[in-house]
Amino acid sequence: MHRLIKFSSFLLLVLLLLSCGQDPADQKAKLGGYWVIEKVEMPDGTEKLFQLSTTIDFIEVTGDSGVRKKVQPKLDGNFLANDAAEKFLLNIENDSLHMYYETPFDSWKETVLQARDSVLVVLNRDGKIYSYRKFAGFSASETP
């Protein structure tokens with residue numbers, strides 16, 4: 001129980017620090033685009049780094065709803081995508097922006113900790129913090 005309280009306090013502190021100074025309405029305006037995962041921070045503090053990812057998250061927001069789908073970038077600047085997509089609703093609660101997902105198999109909530117022009121940080125229901133950077137295309141050094 002003591003560890004749960006310590007973890008909850010830590011999580012609340014992280015939430016406050018990361019979202020400090022950023023209005024949830026501004027975050028909503030910055031969500032859209034192509035995002036490359038950089039790292040995942042686990043609840044115990046360990047991190048998993050992603051040096052190279054073959055898929056990118058595409059997020060499109062219209063009003064208070066949106067769609068998130070996995071796409072694969074091609075060297076010519078286009079993307080490969082299938083029809084699979086997760087729809088979400090956006091809601092501002094307690095000065096935080098939340099993304100509510102629902103599929104035929106599950107429903108869950110993610111909290112946007114940070115959404116800026118080039119950075120997206122999201123907290124999921126398992127206490128994992130996902131950090132993304134805006135996809136800027138391939139450079140000559142990234143191509144094989």
# chains A, B, ... in the order shown; residues from 1 in each chain; ligands from 1
>>> residues_around(residues="Ala136 (chain A)", least_positions_apart="6", cutoff="12 Å", atoms="only C-alpha atoms", output="count of residues only")
11
>>> residues_around(residues="Ser65 (chain A)", least_positions_apart="5", cutoff="9 Å", atoms="only C-alpha atoms", output="NGL selection string")
:A and (60 or 87-91 or 99)
>>> write_last_selection(atoms="C-alpha atoms", output="PDB file, in the first residue's frame")
ATOM      1  CA  GLU A  60      -6.014  13.580 -36.866  1.00  0.00           C
ATOM      2  CA  LYS A  87     -11.231   6.623 -32.792  1.00  0.00           C
ATOM      3  CA  PHE A  88     -11.080   8.792 -29.688  1.00  0.00           C
ATOM      4  CA  LEU A  89     -12.943  11.591 -27.972  1.00  0.00           C
ATOM      5  CA  LEU A  90     -11.155  14.521 -26.350  1.00  0.00           C
ATOM      6  CA  ASN A  91     -12.216  15.874 -22.997  1.00  0.00           C
ATOM      7  CA  MET A  99      -8.145  10.967 -24.988  1.00  0.00           C
TER       8      MET A  99
END
>>> select_by_dssp(residues="region 22-120 of chain A", states="strand (DSSP E)", output="PyMOL selection string")
chain A and resi 33-41+47-49+56-62+65-73+79-81+86-93+96-102+107-115+119-120
>>> write_last_selection(atoms="C-alpha atoms", output="compact mmCIF listing (two decimals), in the first residue's frame")
# COMPACT_ATOMS: atom_id res chain seq x y z
CA GLY A 33 0.29 15.04 -37.15
CA TYR A 34 2.79 12.23 -37.57
CA TRP A 35 4.53 11.14 -34.36
CA VAL A 36 7.59 8.90 -33.91
CA ILE A 37 8.02 7.13 -30.58
CA GLU A 38 11.27 7.91 -28.79
CA LYS A 39 10.88 6.21 -25.42
CA VAL A 40 8.54 4.65 -22.91
CA GLU A 41 9.04 5.24 -19.20
CA GLU A 47 13.01 3.37 -19.79
CA LYS A 48 12.76 1.62 -23.11
CA LEU A 49 14.40 3.65 -25.88
CA ILE A 56 4.54 6.13 -36.95
CA ASP A 57 1.38 7.23 -35.19
CA PHE A 58 -0.80 9.48 -37.32
CA ILE A 59 -3.24 11.55 -35.29
CA GLU A 60 -6.01 13.58 -36.87
CA VAL A 61 -8.22 15.80 -34.70
CA THR A 62 -11.54 17.33 -35.72
CA SER A 65 -12.80 13.81 -31.59
CA GLY A 66 -10.10 12.21 -33.63
CA VAL A 67 -8.50 9.16 -35.18
CA ARG A 68 -5.17 7.52 -34.47
CA LYS A 69 -3.63 5.01 -36.83
CA LYS A 70 -0.29 3.35 -37.42
CA VAL A 71 1.39 4.18 -40.72
CA GLN A 72 4.70 3.25 -42.31
CA PRO A 73 6.74 5.99 -43.95
CA PHE A 79 2.89 6.53 -46.15
CA LEU A 80 1.57 2.98 -46.18
CA ALA A 81 -1.57 2.56 -44.10
CA GLU A 86 -8.67 3.88 -33.23
CA LYS A 87 -11.23 6.62 -32.79
CA PHE A 88 -11.08 8.79 -29.69
CA LEU A 89 -12.94 11.59 -27.97
CA LEU A 90 -11.16 14.52 -26.35
CA ASN A 91 -12.22 15.87 -23.00
CA ILE A 92 -10.66 18.44 -20.68
CA GLU A 93 -10.99 17.42 -17.02
CA SER A 96 -5.80 18.03 -18.24
CA LEU A 97 -6.53 16.85 -21.77
CA HIS A 98 -7.73 13.24 -21.99
CA MET A 99 -8.14 10.97 -24.99
CA TYR A 100 -10.96 8.41 -24.57
CA TYR A 101 -10.71 5.37 -26.84
CA GLU A 102 -13.34 2.73 -27.44
CA SER A 107 -12.01 1.07 -23.84
CA TRP A 108 -9.32 3.18 -22.18
CA LYS A 109 -8.15 6.68 -21.39
CA GLU A 110 -4.83 8.41 -22.03
CA THR A 111 -3.77 11.70 -20.49
CA VAL A 112 -1.84 14.19 -22.62
CA LEU A 113 1.01 15.46 -20.46
CA GLN A 114 2.58 17.58 -23.16
CA ALA A 115 1.68 18.46 -26.74
CA VAL A 119 6.89 16.90 -28.70
CA LEU A 120 4.03 14.68 -27.54
>>> select_by_dssp(residues="chain A", states="alpha helix (DSSP H)", output="PyMOL selection string")
chain A and resi 2-19+24-30
>>> atom_distance(atom1="CA of Val122 (chain A)", atom2="CA of Ala84 (chain A)")
20.9 Å
>>> atom_distance(atom1="CA of Pro43 (chain A)", atom2="CA of Lys128 (chain A)")
5.7 Å
>>> atom_distance(atom1="CA of Lys30 (chain A)", atom2="CA of Ser53 (chain A)")
21.8 Å
>>> closest_residue(among="A:Lys74, A:Lys134, A:Arg116, A:Arg125", to="Asp26 (chain A)", atoms="only C-alpha atoms")
A:Arg116
>>> closest_residue(among="A:Pro104, A:Gly45, A:Asp83, A:Asp95", to="Ala25 (chain A)", atoms="only C-alpha atoms")
A:Asp95
>>> decode(residues="region 39-60 of chain A", atoms="N, CA, C and O atoms", output="PDB file, in the first residue's frame")
ATOM      1  N   LYS A  39      10.652   7.039 -26.601  1.00  0.00           N
ATOM      2  CA  LYS A  39      10.885   6.213 -25.419  1.00  0.00           C
ATOM      3  C   LYS A  39       9.584   5.975 -24.671  1.00  0.00           C
ATOM      4  O   LYS A  39       8.604   6.692 -24.855  1.00  0.00           O
ATOM      5  N   VAL A  40       9.626   4.947 -23.827  1.00  0.00           N
ATOM      6  CA  VAL A  40       8.537   4.650 -22.909  1.00  0.00           C
ATOM      7  C   VAL A  40       9.148   4.557 -21.522  1.00  0.00           C
ATOM      8  O   VAL A  40      10.124   3.822 -21.316  1.00  0.00           O
ATOM      9  N   GLU A  41       8.596   5.318 -20.593  1.00  0.00           N
ATOM     10  CA  GLU A  41       9.043   5.236 -19.202  1.00  0.00           C
ATOM     11  C   GLU A  41       8.047   4.380 -18.444  1.00  0.00           C
ATOM     12  O   GLU A  41       6.849   4.669 -18.406  1.00  0.00           O
ATOM     13  N   MET A  42       8.579   3.304 -17.835  1.00  0.00           N
ATOM     14  CA  MET A  42       7.732   2.371 -17.104  1.00  0.00           C
ATOM     15  C   MET A  42       7.417   2.941 -15.715  1.00  0.00           C
ATOM     16  O   MET A  42       8.127   3.817 -15.219  1.00  0.00           O
ATOM     17  N   PRO A  43       6.372   2.423 -15.073  1.00  0.00           N
ATOM     18  CA  PRO A  43       6.016   2.920 -13.741  1.00  0.00           C
ATOM     19  C   PRO A  43       7.142   2.796 -12.711  1.00  0.00           C
ATOM     20  O   PRO A  43       7.217   3.598 -11.787  1.00  0.00           O
ATOM     21  N   ASP A  44       8.041   1.841 -12.901  1.00  0.00           N
ATOM     22  CA  ASP A  44       9.152   1.685 -11.951  1.00  0.00           C
ATOM     23  C   ASP A  44      10.328   2.611 -12.258  1.00  0.00           C
ATOM     24  O   ASP A  44      11.357   2.566 -11.592  1.00  0.00           O
ATOM     25  N   GLY A  45      10.187   3.449 -13.291  1.00  0.00           N
ATOM     26  CA  GLY A  45      11.230   4.411 -13.626  1.00  0.00           C
ATOM     27  C   GLY A  45      12.181   3.956 -14.727  1.00  0.00           C
ATOM     28  O   GLY A  45      12.946   4.761 -15.243  1.00  0.00           O
ATOM     29  N   THR A  46      12.147   2.688 -15.101  1.00  0.00           N
ATOM     30  CA  THR A  46      13.015   2.221 -16.176  1.00  0.00           C
ATOM     31  C   THR A  46      12.491   2.747 -17.505  1.00  0.00           C
ATOM     32  O   THR A  46      11.307   3.069 -17.639  1.00  0.00           O
ATOM     33  N   GLU A  47      13.386   2.847 -18.483  1.00  0.00           N
ATOM     34  CA  GLU A  47      13.012   3.374 -19.785  1.00  0.00           C
ATOM     35  C   GLU A  47      13.339   2.383 -20.889  1.00  0.00           C
ATOM     36  O   GLU A  47      14.340   1.688 -20.815  1.00  0.00           O
ATOM     37  N   LYS A  48      12.489   2.369 -21.891  1.00  0.00           N
ATOM     38  CA  LYS A  48      12.762   1.623 -23.113  1.00  0.00           C
ATOM     39  C   LYS A  48      12.920   2.655 -24.217  1.00  0.00           C
ATOM     40  O   LYS A  48      12.006   3.431 -24.492  1.00  0.00           O
ATOM     41  N   LEU A  49      14.108   2.691 -24.822  1.00  0.00           N
ATOM     42  CA  LEU A  49      14.400   3.650 -25.877  1.00  0.00           C
ATOM     43  C   LEU A  49      14.156   3.016 -27.242  1.00  0.00           C
ATOM     44  O   LEU A  49      14.405   1.835 -27.438  1.00  0.00           O
ATOM     45  N   PHE A  50      13.685   3.824 -28.180  1.00  0.00           N
ATOM     46  CA  PHE A  50      13.430   3.373 -29.543  1.00  0.00           C
ATOM     47  C   PHE A  50      14.369   4.130 -30.472  1.00  0.00           C
ATOM     48  O   PHE A  50      14.171   5.314 -30.723  1.00  0.00           O
ATOM     49  N   GLN A  51      15.397   3.451 -30.941  1.00  0.00           N
ATOM     50  CA  GLN A  51      16.356   4.072 -31.847  1.00  0.00           C
ATOM     51  C   GLN A  51      15.769   4.264 -33.241  1.00  0.00           C
ATOM     52  O   GLN A  51      15.973   5.277 -33.873  1.00  0.00           O
ATOM     53  N   LEU A  52      15.034   3.264 -33.694  1.00  0.00           N
ATOM     54  CA  LEU A  52      14.456   3.311 -35.026  1.00  0.00           C
ATOM     55  C   LEU A  52      13.103   2.605 -34.975  1.00  0.00           C
ATOM     56  O   LEU A  52      12.992   1.508 -34.463  1.00  0.00           O
ATOM     57  N   SER A  53      12.091   3.250 -35.489  1.00  0.00           N
ATOM     58  CA  SER A  53      10.764   2.661 -35.500  1.00  0.00           C
ATOM     59  C   SER A  53      10.274   2.611 -36.935  1.00  0.00           C
ATOM     60  O   SER A  53      10.416   3.575 -37.687  1.00  0.00           O
ATOM     61  N   THR A  54       9.697   1.485 -37.311  1.00  0.00           N
ATOM     62  CA  THR A  54       9.199   1.336 -38.678  1.00  0.00           C
ATOM     63  C   THR A  54       7.762   1.830 -38.821  1.00  0.00           C
ATOM     64  O   THR A  54       7.260   1.933 -39.929  1.00  0.00           O
ATOM     65  N   THR A  55       7.107   2.109 -37.693  1.00  0.00           N
ATOM     66  CA  THR A  55       5.753   2.644 -37.753  1.00  0.00           C
ATOM     67  C   THR A  55       5.687   3.990 -37.044  1.00  0.00           C
ATOM     68  O   THR A  55       6.459   4.281 -36.133  1.00  0.00           O
ATOM     69  N   ILE A  56       4.746   4.785 -37.480  1.00  0.00           N
ATOM     70  CA  ILE A  56       4.543   6.127 -36.953  1.00  0.00           C
ATOM     71  C   ILE A  56       3.069   6.251 -36.609  1.00  0.00           C
ATOM     72  O   ILE A  56       2.211   5.696 -37.301  1.00  0.00           O
ATOM     73  N   ASP A  57       2.774   6.976 -35.549  1.00  0.00           N
ATOM     74  CA  ASP A  57       1.383   7.235 -35.188  1.00  0.00           C
ATOM     75  C   ASP A  57       0.904   8.483 -35.923  1.00  0.00           C
ATOM     76  O   ASP A  57       1.505   9.551 -35.785  1.00  0.00           O
ATOM     77  N   PHE A  58      -0.165   8.334 -36.675  1.00  0.00           N
ATOM     78  CA  PHE A  58      -0.796   9.478 -37.320  1.00  0.00           C
ATOM     79  C   PHE A  58      -2.028   9.829 -36.508  1.00  0.00           C
ATOM     80  O   PHE A  58      -2.891   8.984 -36.266  1.00  0.00           O
ATOM     81  N   ILE A  59      -2.099  11.077 -36.068  1.00  0.00           N
ATOM     82  CA  ILE A  59      -3.242  11.546 -35.289  1.00  0.00           C
ATOM     83  C   ILE A  59      -3.910  12.681 -36.050  1.00  0.00           C
ATOM     84  O   ILE A  59      -3.249  13.632 -36.471  1.00  0.00           O
ATOM     85  N   GLU A  60      -5.223  12.538 -36.218  1.00  0.00           N
ATOM     86  CA  GLU A  60      -6.014  13.580 -36.866  1.00  0.00           C
ATOM     87  C   GLU A  60      -7.121  13.982 -35.907  1.00  0.00           C
ATOM     88  O   GLU A  60      -7.849  13.128 -35.395  1.00  0.00           O
TER      89      GLU A  60
END
